[in-house]
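Structure file coords.txt (compact mmCIF, C-alpha atoms and all ligand atoms) is printed below.
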# COMPACT_ATOMS: atom_id res chain seq x y z
CA MET A 1 -112.20 -57.76 -190.14
CA ASN A 2 -115.92 -58.36 -190.61
CA GLY A 3 -116.41 -61.75 -192.31
CA LEU A 4 -112.90 -63.05 -191.59
CA VAL A 5 -112.71 -66.64 -190.32
CA ILE A 6 -109.66 -67.77 -188.34
CA ALA A 7 -109.25 -71.47 -187.54
CA VAL A 8 -107.27 -72.41 -184.43
CA ASP A 9 -106.84 -76.16 -184.00
CA GLY A 10 -104.62 -78.37 -181.88
CA PRO A 11 -104.46 -81.04 -179.19
CA ALA A 12 -105.72 -80.73 -175.61
CA ALA A 13 -104.25 -78.04 -173.36
CA ALA A 14 -101.99 -76.53 -176.05
CA GLY A 15 -103.13 -72.96 -175.37
CA LYS A 16 -105.56 -72.70 -178.32
CA GLY A 17 -108.29 -71.09 -176.24
CA THR A 18 -106.07 -68.38 -174.81
CA LEU A 19 -104.65 -67.56 -178.22
CA ALA A 20 -108.01 -67.68 -180.04
CA ARG A 21 -109.72 -65.51 -177.44
CA ARG A 22 -106.95 -62.92 -177.65
CA LEU A 23 -106.97 -62.84 -181.44
CA ALA A 24 -110.73 -62.37 -181.41
CA ALA A 25 -110.49 -59.45 -178.97
CA GLU A 26 -107.67 -57.84 -180.94
CA LEU A 27 -109.49 -58.15 -184.29
CA GLY A 28 -112.99 -57.40 -183.01
CA LEU A 29 -114.32 -60.82 -184.06
CA PRO A 30 -116.73 -63.17 -182.25
CA TYR A 31 -115.07 -66.18 -180.61
CA LEU A 32 -116.36 -69.76 -180.49
CA ASP A 33 -114.87 -72.52 -178.35
CA THR A 34 -116.19 -75.48 -180.38
CA GLY A 35 -115.02 -77.96 -177.73
CA LEU A 36 -117.90 -76.69 -175.60
CA LEU A 37 -120.41 -78.15 -178.08
CA TYR A 38 -118.90 -81.62 -177.66
CA ARG A 39 -118.53 -81.17 -173.90
CA ALA A 40 -122.16 -80.13 -173.50
CA THR A 41 -123.32 -83.05 -175.68
CA GLY A 42 -121.25 -85.47 -173.60
CA ARG A 43 -122.66 -84.03 -170.39
CA ARG A 44 -126.25 -84.42 -171.61
CA VAL A 45 -125.58 -88.07 -172.45
CA LEU A 46 -123.98 -88.70 -169.04
CA ASP A 47 -126.97 -87.03 -167.36
CA ARG A 48 -129.22 -89.63 -168.98
CA GLY A 49 -127.06 -92.36 -167.47
CA VAL A 50 -126.02 -93.54 -170.93
CA ASP A 51 -122.55 -94.49 -172.23
CA PRO A 52 -121.24 -91.53 -174.34
CA ARG A 53 -120.31 -93.98 -177.11
CA ASP A 54 -124.03 -94.69 -177.70
CA ALA A 55 -124.45 -93.13 -181.16
CA PRO A 56 -128.26 -92.68 -181.39
CA VAL A 57 -128.51 -91.12 -177.91
CA ALA A 58 -125.45 -88.89 -178.48
CA GLU A 59 -126.83 -87.67 -181.80
CA ALA A 60 -130.23 -86.89 -180.26
CA GLU A 61 -128.54 -84.94 -177.45
CA ALA A 62 -126.33 -83.02 -179.92
CA ARG A 63 -129.46 -82.00 -181.85
CA ALA A 64 -131.20 -80.94 -178.63
CA LEU A 65 -128.36 -78.68 -177.37
CA THR A 66 -129.46 -75.28 -176.06
CA PRO A 67 -127.40 -72.17 -175.25
CA ALA A 68 -127.98 -72.94 -171.55
CA ASP A 69 -126.15 -76.27 -171.97
CA LEU A 70 -123.03 -74.38 -173.08
CA ALA A 71 -123.07 -72.27 -169.93
CA ARG A 72 -123.19 -75.16 -167.48
CA ALA A 73 -120.61 -75.30 -164.73
CA ASN A 74 -119.68 -78.97 -164.99
CA LEU A 75 -118.24 -79.12 -168.50
CA ARG A 76 -114.62 -79.50 -167.34
CA GLY A 77 -112.77 -82.25 -165.51
CA SER A 78 -111.66 -85.69 -166.58
CA GLU A 79 -115.13 -87.26 -166.85
CA ALA A 80 -116.36 -84.40 -169.07
CA ASP A 81 -113.11 -84.48 -171.12
CA MET A 82 -113.46 -88.15 -171.96
CA ALA A 83 -117.22 -87.96 -172.60
CA ALA A 84 -116.62 -85.07 -175.02
CA SER A 85 -113.96 -87.02 -176.88
CA ALA A 86 -116.22 -90.11 -177.04
CA VAL A 87 -119.23 -88.30 -178.52
CA ALA A 88 -116.88 -86.39 -180.87
CA ALA A 89 -115.85 -89.66 -182.51
CA ILE A 90 -119.45 -90.33 -183.62
CA PRO A 91 -120.01 -89.11 -187.22
CA ALA A 92 -123.72 -88.30 -186.65
CA VAL A 93 -122.80 -86.06 -183.70
CA ARG A 94 -120.25 -84.18 -185.80
CA ALA A 95 -122.80 -83.80 -188.61
CA ALA A 96 -125.37 -82.45 -186.15
CA LEU A 97 -122.96 -79.75 -184.92
CA LEU A 98 -121.42 -78.78 -188.26
CA GLU A 99 -124.01 -76.32 -189.62
CA TRP A 100 -124.28 -74.62 -186.25
CA GLN A 101 -120.53 -73.87 -186.30
CA ARG A 102 -120.62 -72.75 -189.93
CA ASP A 103 -123.57 -70.43 -189.32
CA PHE A 104 -121.77 -68.90 -186.37
CA GLY A 105 -118.64 -68.20 -188.42
CA ARG A 106 -120.43 -66.98 -191.52
CA ARG A 107 -122.61 -64.44 -189.75
CA HIS A 108 -119.89 -61.87 -188.92
CA GLY A 109 -116.65 -63.84 -189.27
CA ALA A 110 -115.14 -65.42 -186.16
CA VAL A 111 -112.18 -67.02 -184.49
CA LEU A 112 -113.06 -70.68 -183.82
CA ASP A 113 -110.94 -73.11 -181.85
CA GLY A 114 -111.20 -76.89 -181.97
CA ARG A 115 -109.76 -79.92 -183.72
CA ASP A 116 -111.19 -79.81 -187.26
CA ILE A 117 -111.91 -76.16 -187.95
CA GLY A 118 -109.24 -75.79 -190.63
CA THR A 119 -109.79 -79.26 -192.12
CA VAL A 120 -113.60 -79.71 -192.09
CA VAL A 121 -115.63 -76.82 -190.69
CA PHE A 122 -113.90 -74.00 -192.61
CA PRO A 123 -111.46 -75.61 -195.05
CA ASP A 124 -111.31 -72.30 -196.96
CA ALA A 125 -110.45 -70.14 -193.94
CA PRO A 126 -107.73 -67.68 -194.99
CA VAL A 127 -105.92 -68.01 -191.66
CA LYS A 128 -105.29 -71.40 -190.03
CA LEU A 129 -103.20 -72.07 -186.99
CA PHE A 130 -102.36 -75.43 -185.47
CA VAL A 131 -101.22 -74.84 -181.91
CA THR A 132 -99.30 -77.62 -180.25
CA ALA A 133 -96.71 -78.33 -177.51
CA SER A 134 -95.06 -81.40 -176.06
CA VAL A 135 -97.38 -83.60 -173.99
CA GLU A 136 -95.21 -82.99 -170.90
CA GLU A 137 -95.54 -79.22 -171.26
CA ARG A 138 -99.28 -79.40 -171.91
CA ALA A 139 -99.75 -81.61 -168.85
CA ARG A 140 -97.67 -79.22 -166.76
CA ARG A 141 -99.84 -76.26 -167.83
CA ARG A 142 -103.11 -78.13 -167.22
CA TRP A 143 -101.85 -79.29 -163.82
CA LEU A 144 -100.88 -75.72 -162.82
CA GLU A 145 -104.31 -74.51 -164.00
CA LEU A 146 -106.05 -77.15 -161.89
CA ARG A 147 -103.89 -76.28 -158.89
CA ALA A 148 -104.66 -72.57 -159.30
CA GLY A 149 -108.35 -73.53 -159.23
CA GLY A 150 -107.82 -75.39 -155.93
CA ILE A 151 -107.87 -78.89 -157.46
CA ALA A 152 -105.04 -81.17 -156.30
CA ALA A 153 -104.48 -83.43 -159.30
CA ASP A 154 -101.77 -85.99 -159.91
CA ARG A 155 -99.46 -84.72 -162.64
CA GLN A 156 -98.76 -88.13 -164.15
CA GLN A 157 -102.47 -88.85 -164.29
CA VAL A 158 -103.18 -85.51 -165.97
CA GLN A 159 -100.52 -86.39 -168.56
CA ALA A 160 -101.94 -89.88 -169.13
CA GLU A 161 -105.44 -88.48 -169.65
CA ILE A 162 -104.21 -85.88 -172.15
CA ARG A 163 -102.33 -88.59 -174.02
CA ASP A 164 -105.42 -90.84 -174.14
CA ARG A 165 -107.67 -88.05 -175.35
CA ASP A 166 -105.19 -86.97 -178.07
CA ALA A 167 -104.90 -90.57 -179.26
CA GLN A 168 -108.68 -90.93 -179.40
CA ASP A 169 -109.05 -87.58 -181.25
CA ALA A 170 -106.21 -88.29 -183.70
CA ASN A 171 -107.22 -91.87 -184.53
CA ARG A 172 -110.94 -91.47 -185.18
CA PRO A 173 -112.00 -92.02 -188.78
CA VAL A 174 -114.05 -88.83 -189.06
CA ALA A 175 -112.42 -85.38 -188.73
CA PRO A 176 -109.32 -86.63 -186.91
CA LEU A 177 -107.06 -84.20 -185.13
CA ARG A 178 -104.42 -83.10 -187.64
CA PRO A 179 -103.09 -79.87 -189.10
CA ALA A 180 -104.61 -78.67 -192.37
CA PRO A 181 -101.95 -78.71 -195.12
CA ASP A 182 -102.03 -74.89 -195.23
CA ALA A 183 -102.00 -74.33 -191.45
CA LEU A 184 -99.16 -72.61 -189.66
CA VAL A 185 -97.98 -75.02 -186.97
CA LEU A 186 -97.17 -73.11 -183.81
CA ASP A 187 -95.22 -75.18 -181.31
CA THR A 188 -95.56 -73.39 -177.98
CA THR A 189 -93.41 -75.81 -175.94
CA SER A 190 -90.88 -73.06 -175.37
CA LEU A 191 -92.96 -70.11 -176.52
CA ASP A 192 -94.89 -68.02 -174.00
CA ALA A 193 -98.42 -66.74 -174.61
CA GLU A 194 -97.11 -63.31 -175.65
CA ALA A 195 -94.77 -64.70 -178.31
CA ALA A 196 -97.45 -67.10 -179.60
CA PHE A 197 -99.86 -64.19 -179.93
CA ALA A 198 -97.32 -62.03 -181.77
CA THR A 199 -96.56 -64.85 -184.25
CA ALA A 200 -100.26 -65.52 -184.85
CA LEU A 201 -101.03 -61.86 -185.36
CA ALA A 202 -98.17 -61.53 -187.85
CA LEU A 203 -99.67 -64.42 -189.84
CA VAL A 204 -103.09 -62.78 -189.83
CA ARG A 205 -101.64 -59.51 -191.14
CA GLU A 206 -99.69 -61.38 -193.81
CA ARG A 207 -102.73 -63.32 -195.06
CA LEU A 208 -105.08 -60.35 -195.26
O1 LIG B 1 -111.12 -78.27 -177.01
P1 LIG B 1 -111.66 -79.16 -175.91
O2 LIG B 1 -110.59 -79.84 -175.12
O3 LIG B 1 -112.64 -78.44 -175.03
O4 LIG B 1 -112.49 -80.29 -176.68
C1 LIG B 1 -113.07 -81.37 -176.00
C2 LIG B 1 -113.17 -82.54 -176.95
O5 LIG B 1 -114.09 -82.22 -177.99
C3 LIG B 1 -111.88 -82.90 -177.68
O6 LIG B 1 -111.08 -83.84 -176.97
C4 LIG B 1 -112.37 -83.47 -179.01
O7 LIG B 1 -112.66 -84.84 -178.91
C5 LIG B 1 -113.69 -82.76 -179.23
N1 LIG B 1 -113.61 -81.71 -180.24
C6 LIG B 1 -113.67 -82.08 -181.57
N2 LIG B 1 -113.71 -81.14 -182.54
C7 LIG B 1 -113.67 -79.83 -182.23
C8 LIG B 1 -113.58 -79.43 -180.88
C9 LIG B 1 -113.53 -80.40 -179.90
O8 LIG B 1 -113.69 -83.26 -181.88
N3 LIG B 1 -113.74 -78.93 -183.21
In structure tokens, how does this file's structure come out?
Ligand code: C5P
Amino acid sequence: MNGLVIAVDGPAAAGKGTLARRLAAELGLPYLDTGLLYRATGRRVLDRGVDPRDAPVAEAEARALTPADLARANLRGSEADMAASAVAAIPAVRAALLEWQRDFGRRHGAVLDGRDIGTVVFPDAPVKLFVTASVEERARRRWLELRAGGIAADRQQVQAEIRDRDAQDANRPVAPLRPAPDALVLDTTSLDAEAAFATALALVRERL
């Protein structure tokens, strides 16, 4: 599997991370959660007390990212979600993070999850998955996850935030959230993690 690149894209809370991580473990490939790059950039901008839509500051922070930024504890939660989505809409931020992602994938192959892996970062990836589910189901899963982590969130609010973030990600002019024409769309609304994994693995075997 050395050298193989697998793109796993999709909207928020669709189960991309779980699937991508499992594929990587099964195939012995490195895994990269590309959302972390945007989250860490957003967090650095917030730490400076600046609006995450500020393009020059966001670009400078994207260029200054360090591995330690990706390991920070406060990269999740609604403030971090929205800051990530705001910096991700800035073309100069995306440009700053592009080569980093490509270098990571090219070194030994990789499974990468995000929004534009199959369309922009690795348009020639031999295996592309677009993982999605209804917004109600995604909100339910995120809400259960938060509850399991001891966070009492309002389910309607979780759903509204997911909807807002998807709209922002899908409507930006650069690298919008959308399936690559050659991606397999995996709707997991009524598919459990096991079945999603089996379908994805079958596609990998078929494309190799
Ligand atoms: O995947 P995750 O929810 O962690 O991503 C956080 C945000 O980062 C997304 O809402 C999106 O705006 C942005 N993102 C992106 N392109 C990627 C990965 C994430 O624009 N490849």
Problem set entry | Atomic separation - atom CA of A:Gly15 relative to atom CA of A:Ala195, Å |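 Rounded to one decimal, the two atoms are 12.1 Å apart.
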For this session: One decimal, Å: what's the distance from atom CA of A:Pro179 over to atom CA of A:Val121, could you say?
Result: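 Spanning atom CA of A:Pro179 to atom CA of A:Val121 is a straight-line distance of 13.0 Å.
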Problem set entry | Contacts of A:Leu23 at 12 Å (all atoms listed in the file; same-chain gap of 4+ positions) as a ChimeraX atom specification | /A:1,4-8,16-19,27-32,110-113,127,129,193-194,196-205
Problem set entry | Test item: which residues lie within 12 Å of (-106.9, -76.4, -164.1) counting all atoms listed in the file, as a ChimeraX atom specification | /A:13,76-78,138-155,158
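Reported to one decimal place, the separation of atom CA of A:Asp33 from atom C2 of ligand LIG 1 (chain B) is 10.3 Å.
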Any chance you could tabulate, as CSV, the residues of stretch 94-165 of chain A at most 12 Å from stretch 40-47 of chain A with each one's nearest atom pair and distance in Å to one decimal, using all atoms listed in the file, in chain and rising number order?
residue,atom,partner,partner_atom,distance
A:Arg94,CA,A:Thr41,CA,10.6
A:Ala96,CA,A:Thr41,CA,10.7
A:Leu97,CA,A:Thr41,CA,9.8
For this session: May I have the residues within 6 Å of ligand LIG 1 (chain B), computed using only C-alpha atoms and all ligand atoms, as a ChimeraX atom specification?
Result: /A:12,34-36,38-39,81,84-85,88,114-117,165,169
Problem set entry | Contacts of A:Ala92 at 10 Å (all atoms listed in the file; same-chain gap of 3+ positions) as number ranges by chain | A: 55-56, 58-60, 62-63, 87-89, 95-98, 174
Write out as a JSON list (two decimals) with C-alpha atoms, in the frame of the given file which residues come within 10 Å of A:Thr189 when counting only C-alpha atoms, dropping same-chain ones fewer than 5 positions away.
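As a result, selection_39.json now contains:
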[["chain", "number", "residue", "atom", "x", "y", "z"],
["A", 14, "ALA", "CA", -101.99, -76.53, -176.05],
["A", 131, "VAL", "CA", -101.22, -74.84, -181.91],
["A", 132, "THR", "CA", -99.30, -77.62, -180.25],
["A", 133, "ALA", "CA", -96.71, -78.33, -177.51],
["A", 134, "SER", "CA", -95.06, -81.40, -176.06],
["A", 135, "VAL", "CA", -97.38, -83.60, -173.99],
["A", 136, "GLU", "CA", -95.21, -82.99, -170.90],
["A", 137, "GLU", "CA", -95.54, -79.22, -171.26],
["A", 138, "ARG", "CA", -99.28, -79.40, -171.91]]
Exercise. Out of A:Val50, A:Ala20, A:Met82, A:Leu208, which residue has the shortest atom-to-atom distance to A:Arg163 when counting all atoms listed in the file?
Worked result: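 Ranking A:Val50, A:Ala20, A:Met82, A:Leu208 by distance to A:Arg163, first place goes to A:Met82.
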Seminar exercise, completed: The residue from A:Ala86, A:Ala183, A:Gln168, A:Arg21 with the smallest atom-to-atom distance to A:Asp51, counting all atoms listed in the file, is A:Ala86
Problem set entry | Residue among A:Pro67, A:Pro181, A:Pro176, A:Pro91 lying closest to A:Pro123, counting only C-alpha atoms |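 For A:Pro123, the nearest of the given residues is A:Pro181.
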Output requested as a CSV table (one decimal), keeping the file's coordinate frame - stretch 19-41 of chain A, filled out with N, CA and C atoms.
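Here's the written file selection36.csv:
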chain,number,residue,atom,x,y,z
A,19,LEU,N,-105.1,-68.2,-177.0
A,19,LEU,CA,-104.6,-67.6,-178.2
A,19,LEU,C,-105.9,-67.1,-179.0
A,20,ALA,N,-106.8,-68.0,-179.2
A,20,ALA,CA,-108.0,-67.7,-180.0
A,20,ALA,C,-108.8,-66.5,-179.4
A,21,ARG,N,-109.0,-66.6,-178.1
A,21,ARG,CA,-109.7,-65.5,-177.4
A,21,ARG,C,-109.0,-64.2,-177.6
A,22,ARG,N,-107.7,-64.2,-177.5
A,22,ARG,CA,-107.0,-62.9,-177.6
A,22,ARG,C,-107.0,-62.4,-179.1
A,23,LEU,N,-106.9,-63.3,-180.0
A,23,LEU,CA,-107.0,-62.8,-181.4
A,23,LEU,C,-108.3,-62.2,-181.7
A,24,ALA,N,-109.4,-62.9,-181.2
A,24,ALA,CA,-110.7,-62.4,-181.4
A,24,ALA,C,-110.9,-61.0,-180.8
A,25,ALA,N,-110.4,-60.8,-179.6
A,25,ALA,CA,-110.5,-59.4,-179.0
A,25,ALA,C,-109.7,-58.4,-179.8
A,26,GLU,N,-108.5,-58.8,-180.2
A,26,GLU,CA,-107.7,-57.8,-180.9
A,26,GLU,C,-108.3,-57.4,-182.3
A,27,LEU,N,-109.0,-58.4,-182.9
A,27,LEU,CA,-109.5,-58.2,-184.3
A,27,LEU,C,-111.0,-57.8,-184.3
A,28,GLY,N,-111.6,-57.8,-183.1
A,28,GLY,CA,-113.0,-57.4,-183.0
A,28,GLY,C,-113.9,-58.4,-183.6
A,29,LEU,N,-113.5,-59.7,-183.5
A,29,LEU,CA,-114.3,-60.8,-184.1
A,29,LEU,C,-115.0,-61.6,-182.9
A,30,PRO,N,-116.1,-62.3,-183.2
A,30,PRO,CA,-116.7,-63.2,-182.2
A,30,PRO,C,-115.8,-64.4,-182.1
A,31,TYR,N,-115.9,-65.0,-180.9
A,31,TYR,CA,-115.1,-66.2,-180.6
A,31,TYR,C,-116.0,-67.4,-180.3
A,32,LEU,N,-115.6,-68.5,-180.8
A,32,LEU,CA,-116.4,-69.8,-180.5
A,32,LEU,C,-115.4,-70.9,-180.1
A,33,ASP,N,-115.6,-71.4,-178.9
A,33,ASP,CA,-114.9,-72.5,-178.4
A,33,ASP,C,-115.7,-73.7,-178.8
A,34,THR,N,-115.3,-74.4,-179.9
A,34,THR,CA,-116.2,-75.5,-180.4
A,34,THR,C,-116.1,-76.7,-179.5
A,35,GLY,N,-115.1,-76.8,-178.7
A,35,GLY,CA,-115.0,-78.0,-177.7
A,35,GLY,C,-116.2,-78.0,-176.8
A,36,LEU,N,-116.8,-76.8,-176.5
A,36,LEU,CA,-117.9,-76.7,-175.6
A,36,LEU,C,-119.1,-77.4,-176.1
A,37,LEU,N,-119.3,-77.5,-177.5
A,37,LEU,CA,-120.4,-78.2,-178.1
A,37,LEU,C,-120.3,-79.7,-177.8
A,38,TYR,N,-119.1,-80.2,-177.9
A,38,TYR,CA,-118.9,-81.6,-177.7
A,38,TYR,C,-119.0,-81.9,-176.2
A,39,ARG,N,-118.5,-81.0,-175.4
A,39,ARG,CA,-118.5,-81.2,-173.9
A,39,ARG,C,-120.0,-81.2,-173.4
A,40,ALA,N,-120.8,-80.2,-173.9
A,40,ALA,CA,-122.2,-80.1,-173.5
A,40,ALA,C,-123.0,-81.3,-174.0
A,41,THR,N,-122.6,-81.8,-175.2
A,41,THR,CA,-123.3,-83.0,-175.7
A,41,THR,C,-123.0,-84.2,-174.8
